[in-house]
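Novice: For reference, the file entry25.txt (compact mmCIF, C-alpha atoms) is included below:
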# COMPACT_ATOMS: atom_id res chain seq x y z
CA MET A 107 0.00 0.00 0.00
CA LYS A 108 1.38 3.38 -0.99
CA ASP A 109 1.48 6.42 1.24
CA SER A 110 -1.40 8.40 -0.30
CA HIS A 111 -4.14 5.83 -0.09
CA ARG A 112 -2.85 4.61 3.28
CA ALA A 113 -3.10 8.19 4.58
CA LEU A 114 -6.59 8.48 3.08
CA ARG A 115 -7.68 5.22 4.72
CA ASP A 116 -6.13 6.13 8.06
CA GLY A 117 -7.47 9.69 7.94
CA THR A 118 -11.03 8.47 7.46
CA ARG A 119 -11.04 5.41 9.71
CA GLY A 120 -13.17 7.03 12.43
CA SER A 121 -15.67 8.32 9.89
CA HIS A 122 -15.86 4.93 8.22
CA ASP A 123 -16.41 3.19 11.56
CA ALA A 124 -19.22 5.62 12.44
CA VAL A 125 -20.99 4.89 9.14
CA ASP A 126 -20.60 1.14 9.62
CA ALA A 127 -22.09 1.42 13.12
CA VAL A 128 -25.16 3.31 11.87
CA PHE A 129 -25.84 1.10 8.87
CA GLY A 130 -25.31 -2.01 10.99
CA GLY A 131 -28.63 -1.10 12.64
CA PHE A 132 -30.66 -1.96 9.53
CA ASP A 133 -32.13 -5.44 9.15
CA LEU A 134 -31.40 -6.25 5.52
CA SER A 135 -33.62 -9.32 5.59
CA ASP A 136 -36.68 -7.17 6.36
CA HIS A 137 -38.46 -5.45 3.44
CA ALA A 138 -39.10 -2.11 5.19
CA SER A 139 -35.70 -1.92 6.87
CA TYR A 140 -33.89 -2.83 3.66
CA ALA A 141 -35.87 -0.22 1.70
CA ALA A 142 -34.88 2.39 4.31
CA PHE A 143 -31.25 1.25 4.07
CA LEU A 144 -31.32 1.73 0.29
CA ALA A 145 -33.11 5.07 0.59
CA ALA A 146 -30.46 6.28 3.04
CA HIS A 147 -27.76 5.30 0.55
CA ALA A 148 -29.59 6.75 -2.45
CA ALA A 149 -30.07 10.12 -0.75
CA VAL A 150 -26.27 10.47 -0.70
CA LEU A 151 -25.08 8.35 -3.62
CA LEU A 152 -27.23 10.04 -6.27
CA PRO A 153 -26.12 13.63 -5.60
CA TYR A 154 -22.49 12.63 -5.08
CA GLU A 155 -22.35 10.70 -8.34
CA ALA A 156 -23.80 13.76 -10.06
CA ALA A 157 -21.30 16.05 -8.30
CA LEU A 158 -18.40 13.81 -9.29
CA GLU A 159 -19.44 14.02 -12.92
CA ALA A 160 -19.94 17.78 -12.77
CA ASP A 161 -16.58 18.27 -11.10
CA GLY A 162 -14.37 16.22 -13.38
CA ILE A 163 -14.24 12.58 -12.32
CA GLY A 164 -14.15 11.48 -15.97
CA GLY A 165 -10.77 13.13 -16.46
CA LEU A 166 -9.34 11.41 -13.39
CA VAL A 167 -11.02 8.01 -13.60
CA PRO A 168 -11.66 7.18 -17.27
CA ASP A 169 -13.84 4.15 -16.53
CA TRP A 170 -16.18 6.22 -14.35
CA PRO A 171 -19.30 5.51 -16.47
CA GLU A 172 -18.90 1.78 -15.69
CA ARG A 173 -18.70 2.55 -11.98
CA ARG A 174 -21.99 4.45 -11.61
CA ARG A 175 -24.60 2.77 -9.42
CA SER A 176 -27.43 5.30 -9.53
CA ALA A 177 -29.49 3.17 -11.91
CA ALA A 178 -28.96 0.04 -9.79
CA ILE A 179 -30.14 1.63 -6.55
CA ALA A 180 -33.08 3.30 -8.31
CA ALA A 181 -34.10 -0.08 -9.76
CA ASP A 182 -33.88 -1.76 -6.37
CA LEU A 183 -36.01 0.94 -4.74
CA ALA A 184 -38.58 0.70 -7.56
CA ALA A 185 -38.72 -3.08 -7.13
CA LEU A 186 -39.46 -2.47 -3.45
CA SER A 187 -42.18 0.07 -4.40
CA HIS A 188 -40.21 2.74 -2.56
CA PRO A 189 -39.80 6.22 -4.04
CA LEU A 190 -36.41 7.79 -4.53
CA PRO A 191 -35.58 9.89 -1.48
CA ALA A 192 -34.92 13.59 -1.51
CA PRO A 193 -31.25 14.06 -2.31
CA ALA A 194 -28.84 15.25 0.35
CA THR A 195 -27.24 18.62 -0.26
CA VAL A 196 -23.63 18.19 -1.30
CA ALA A 197 -20.99 20.84 -1.76
CA PRO A 198 -19.16 21.11 -5.07
CA LEU A 199 -16.00 19.01 -5.19
CA ILE A 200 -13.37 21.62 -5.91
CA GLY A 201 -10.06 20.19 -7.02
CA ASP A 202 -8.73 16.77 -7.91
CA GLY A 203 -8.13 15.86 -4.27
CA ALA A 204 -11.76 16.49 -3.34
CA VAL A 205 -13.01 14.54 -6.35
CA LEU A 206 -10.80 11.54 -5.59
CA GLY A 207 -11.67 11.64 -1.88
CA ALA A 208 -15.37 11.39 -2.70
CA ALA A 209 -14.76 8.66 -5.29
CA TYR A 210 -12.72 6.72 -2.72
CA VAL A 211 -15.72 6.57 -0.39
CA LEU A 212 -18.28 5.67 -3.06
CA GLU A 213 -16.09 3.03 -4.66
CA GLY A 214 -14.94 1.64 -1.31
CA SER A 215 -18.56 1.11 -0.33
CA ARG A 216 -18.82 -1.52 -3.06
CA LEU A 217 -16.43 -3.77 -1.16
CA GLY A 218 -18.66 -3.74 1.91
CA GLY A 219 -21.77 -3.92 -0.24
CA ARG A 220 -20.82 -7.29 -1.62
CA MET A 221 -20.59 -8.65 1.92
CA LEU A 222 -23.85 -7.00 2.98
CA ALA A 223 -25.66 -8.51 -0.01
CA ARG A 224 -25.43 -11.89 1.73
CA GLN A 225 -27.73 -10.57 4.48
CA VAL A 226 -30.46 -9.53 2.03
CA ALA A 227 -33.44 -11.86 1.89
CA PRO A 228 -33.42 -13.90 -1.36
CA THR A 229 -36.76 -12.39 -2.41
CA LEU A 230 -35.44 -8.81 -2.27
CA PRO A 231 -33.57 -7.05 -5.09
CA ARG A 232 -29.85 -6.46 -4.68
CA ALA A 233 -28.51 -4.89 -7.86
CA TYR A 234 -26.95 -2.04 -5.87
CA LEU A 235 -25.17 -4.20 -3.32
CA ASP A 236 -24.14 -6.78 -5.93
CA ALA A 237 -22.72 -4.18 -8.32
CA ASP A 238 -19.19 -5.27 -9.13
CA GLN A 239 -16.42 -2.86 -9.88
CA PRO A 240 -14.90 -3.13 -13.30
CA THR A 241 -12.15 -5.76 -13.28
CA GLY A 242 -9.17 -4.26 -11.48
CA GLY A 243 -11.22 -1.15 -10.73
CA TRP A 244 -10.30 -0.79 -7.07
CA SER A 245 -6.59 -1.25 -7.78
CA ARG A 246 -6.72 1.28 -10.61
CA LEU A 247 -8.49 3.80 -8.39
CA LEU A 248 -5.90 3.37 -5.63
CA ALA A 249 -3.08 3.74 -8.16
CA ARG A 250 -4.70 6.94 -9.44
CA ILE A 251 -5.03 8.21 -5.87
CA ASP A 252 -1.32 7.56 -5.31
CA THR A 253 -0.43 9.36 -8.54
CA VAL A 254 -2.59 12.44 -8.01
CA LEU A 255 -2.48 12.89 -4.24
CA TYR A 256 1.30 13.09 -3.92
CA HIS A 257 1.16 16.69 -2.65
CA PRO A 258 0.17 17.15 1.03
CA ASP A 259 -2.40 19.83 0.17
CA ARG A 260 -4.17 17.57 -2.32
CA LEU A 261 -4.09 14.69 0.14
CA ALA A 262 -5.58 16.88 2.89
CA GLU A 263 -8.26 17.98 0.41
CA ALA A 264 -9.05 14.32 -0.31
CA VAL A 265 -9.27 13.38 3.37
CA ASP A 266 -11.57 16.34 4.08
CA SER A 267 -13.77 15.44 1.12
CA ALA A 268 -13.95 11.76 2.08
CA ARG A 269 -14.88 12.69 5.64
CA ALA A 270 -17.66 14.93 4.33
CA VAL A 271 -19.05 12.08 2.21
CA PHE A 272 -18.90 9.70 5.15
CA ALA A 273 -20.65 12.34 7.31
CA SER A 274 -23.42 12.62 4.69
CA PHE A 275 -23.91 8.85 4.72
CA GLU A 276 -23.91 8.78 8.52
CA ALA A 277 -26.52 11.56 8.78
CA SER A 278 -28.72 9.97 6.13
CA GLY A 279 -28.41 6.57 7.78
CA ARG A 280 -29.47 8.00 11.13
CA ARG A 281 -32.50 9.73 9.60
CA TRP A 282 -33.69 6.61 7.80
CA LEU A 283 -32.90 4.23 10.65
CA ALA A 284 -35.10 6.31 12.97
CA ARG A 285 -38.00 5.62 10.61
CA VAL A 286 -37.76 1.84 11.00
CA GLU A 287 -36.92 1.54 14.70
Represent the structure contained in this file as structure tokens.
Specialist:
Amino acid sequence: MKDSHRALRDGTRGSHDAVDAVFGGFDLSDHASYAAFLAAHAAVLLPYEAALEADGIGGLVPDWPERRRSAAIAADLAALSHPLPAPATVAPLIGDGAVLGAAYVLEGSRLGGRMLARQVAPTLPRAYLDADQPTGGWSRLLARIDTVLYHPDRLAEAVDSARAVFASFEASGRRWLARVE
């Protein structure tokens, strides 16, 4: 592991743990709880994917179109007869560091999503959680992070951005979890 993505991982560990703790409260085998889980994710994923595109992810991560999961989560919510939630407000991602910090969180969530998919009842849709990265996608993203975030200012920008994305997921998770408890 190279210094940049190690620093990004270490700099967001607390934020990541907080998100895991909140989303661990959802029962993914229960229709209503699973729908709330997906709604909590969609409220953050949809506006951040849009922000990434508006702020230049395509120039940094050329296979970005293959990585999008907005359609998958929308399809899962539709299959559950659950409307798309109101999107969270997200700040523009100014600079390559901020863009890659946000992408790091969204793409990293795929790794956990594959494990969470095992908890979903077999009768429930799971396109979002089962969405694979393009072959070698995680490694390519980490290599890009190491190439672009070599400067301490860019790395700090990435850590701040990743923490903000994690905070958005945590807040959304808390709101939606309160609806099913």
Novice: In terms of the shortest atom-to-atom distance over all atoms listed in the file, which of A:Gly165, A:Pro228, A:Gly214, A:Pro153 is closest to A:Ala192?
Specialist: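 Ranked by minimum distance to A:Ala192, first place goes to A:Pro153.
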Novice: For A:Ala273, find every residue with an atom within 12 Å (counting all atoms listed in the file), except residues of its own chain fewer than 4 positions away, and show them as a tab-separated table (two decimals) with C-alpha atoms, keeping the file's coordinate frame.
Specialist:
chain	number	residue	atom	x	y	z
A	118	THR	CA	-11.03	8.47	7.46
A	120	GLY	CA	-13.17	7.03	12.43
A	121	SER	CA	-15.67	8.32	9.89
A	122	HIS	CA	-15.86	4.93	8.22
A	123	ASP	CA	-16.41	3.19	11.56
A	124	ALA	CA	-19.22	5.62	12.44
A	125	VAL	CA	-20.99	4.89	9.14
A	126	ASP	CA	-20.60	1.14	9.62
A	128	VAL	CA	-25.16	3.31	11.87
A	150	VAL	CA	-26.27	10.47	-0.70
A	194	ALA	CA	-28.84	15.25	0.35
A	195	THR	CA	-27.24	18.62	-0.26
A	196	VAL	CA	-23.63	18.19	-1.30
A	208	ALA	CA	-15.37	11.39	-2.70
A	211	VAL	CA	-15.72	6.57	-0.39
A	266	ASP	CA	-11.57	16.34	4.08
A	267	SER	CA	-13.77	15.44	1.12
A	268	ALA	CA	-13.95	11.76	2.08
A	269	ARG	CA	-14.88	12.69	5.64
A	277	ALA	CA	-26.52	11.56	8.78
A	278	SER	CA	-28.72	9.97	6.13
A	279	GLY	CA	-28.41	6.57	7.78
A	280	ARG	CA	-29.47	8.00	11.13
Novice: Can you work out which one of A:Leu283, A:Ala145, A:Leu186, A:Leu152 has the shortest atom-to-atom distance to A:Thr229, counting all atoms listed in the file?
Specialist: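 Result for the nearest residue to A:Thr229: A:Leu186.
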Novice: Just the residues within 10 Å of A:Leu158, please, counting only C-alpha atoms, with nothing from its chain fewer than 3 positions along; format it as an MDAnalysis selection string.
Specialist: chainID A and resid 153:155 161:164 170 198:200 204:206 208:209
Novice: With C-alpha atoms retained, export the selected residues as a short mmCIF file (atom, residue, chain, number, x, y, z; two decimals), in the coordinates of the input.
Specialist:
data_model
loop_
_atom_site.label_atom_id
_atom_site.label_comp_id
_atom_site.auth_asym_id
_atom_site.auth_seq_id
_atom_site.Cartn_x
_atom_site.Cartn_y
_atom_site.Cartn_z
CA PRO A 153 -26.12 13.63 -5.60
CA TYR A 154 -22.49 12.63 -5.08
CA GLU A 155 -22.35 10.70 -8.34
CA ASP A 161 -16.58 18.27 -11.10
CA GLY A 162 -14.37 16.22 -13.38
CA ILE A 163 -14.24 12.58 -12.32
CA GLY A 164 -14.15 11.48 -15.97
CA TRP A 170 -16.18 6.22 -14.35
CA PRO A 198 -19.16 21.11 -5.07
CA LEU A 199 -16.00 19.01 -5.19
CA ILE A 200 -13.37 21.62 -5.91
CA ALA A 204 -11.76 16.49 -3.34
CA VAL A 205 -13.01 14.54 -6.35
CA LEU A 206 -10.80 11.54 -5.59
CA ALA A 208 -15.37 11.39 -2.70
CA ALA A 209 -14.76 8.66 -5.29
#
Novice: Could you check which of A:Leu222, A:Ile179, A:Leu217, A:Leu151 is closest to A:Ser135, using only C-alpha atoms?
Specialist: A:Leu222
Novice: Would you compute the distance between atom CA of A:Ala249 and atom CA of A:Glu159? Give it in Å to one decimal.
Specialist: 19.9 Å
Novice: What's around stretch 263-265 of chain A at 6 Å? Count only C-alpha atoms, leave out sequence neighbours fewer than 5 positions away in its own chain, and write the answer as an mmCIF file with C-alpha atoms, in the coordinates of the input.
Specialist:
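This went into out.cif:
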data_model
loop_
_atom_site.group_PDB
_atom_site.id
_atom_site.type_symbol
_atom_site.label_atom_id
_atom_site.label_comp_id
_atom_site.auth_asym_id
_atom_site.auth_seq_id
_atom_site.Cartn_x
_atom_site.Cartn_y
_atom_site.Cartn_z
ATOM 1 C CA LEU A 114 -6.590 8.480 3.080
ATOM 2 C CA GLY A 203 -8.130 15.860 -4.270
ATOM 3 C CA ALA A 204 -11.760 16.490 -3.340
ATOM 4 C CA GLY A 207 -11.670 11.640 -1.880
#
Novice: Extending 4 Å beyond the listed atoms of stretch 163-180 of chain A on each side, what axis-aligned box results? I want centre and edge lengths in Å to one decimal, as lines of an AutoDock Vina configuration file.
Specialist:
center_x = -21.2
center_y = 6.6
center_z = -11.9
size_x = 31.7
size_y = 21.1
size_z = 18.7
Novice: Report, in Å to a single decimal, how far apart atom CA of A:Arg115 and atom CA of A:Ala149 are.
Specialist: 23.6 Å
Novice: Counting only C-alpha atoms, which residue out of A:Gly218, A:Asp202, A:Ala148, A:Gly243 sits closest to A:His257?
Specialist: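 Among A:Gly218, A:Asp202, A:Ala148, A:Gly243, it is A:Asp202 that comes nearest to A:His257.
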Novice: Have a look at A:Ala146, A:Leu166, A:Asp116, A:Asp133 and name the one nearest to A:Arg250; count only C-alpha atoms.
Specialist: A:Leu166
Novice: Between A:Ala270, A:Arg173, A:Pro193, A:Ser187, which one has atoms that come closest to A:Gly242, using all atoms listed in the file?
Specialist: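 Ranking A:Ala270, A:Arg173, A:Pro193, A:Ser187 by distance to A:Gly242, first place goes to A:Arg173.
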Novice: Between atom CA of A:Leu134 and atom CA of A:Ser245, what is the distance, to one decimal in Å?
Specialist: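 Going from atom CA of A:Leu134 over to atom CA of A:Ser245 covers 28.6 Å.
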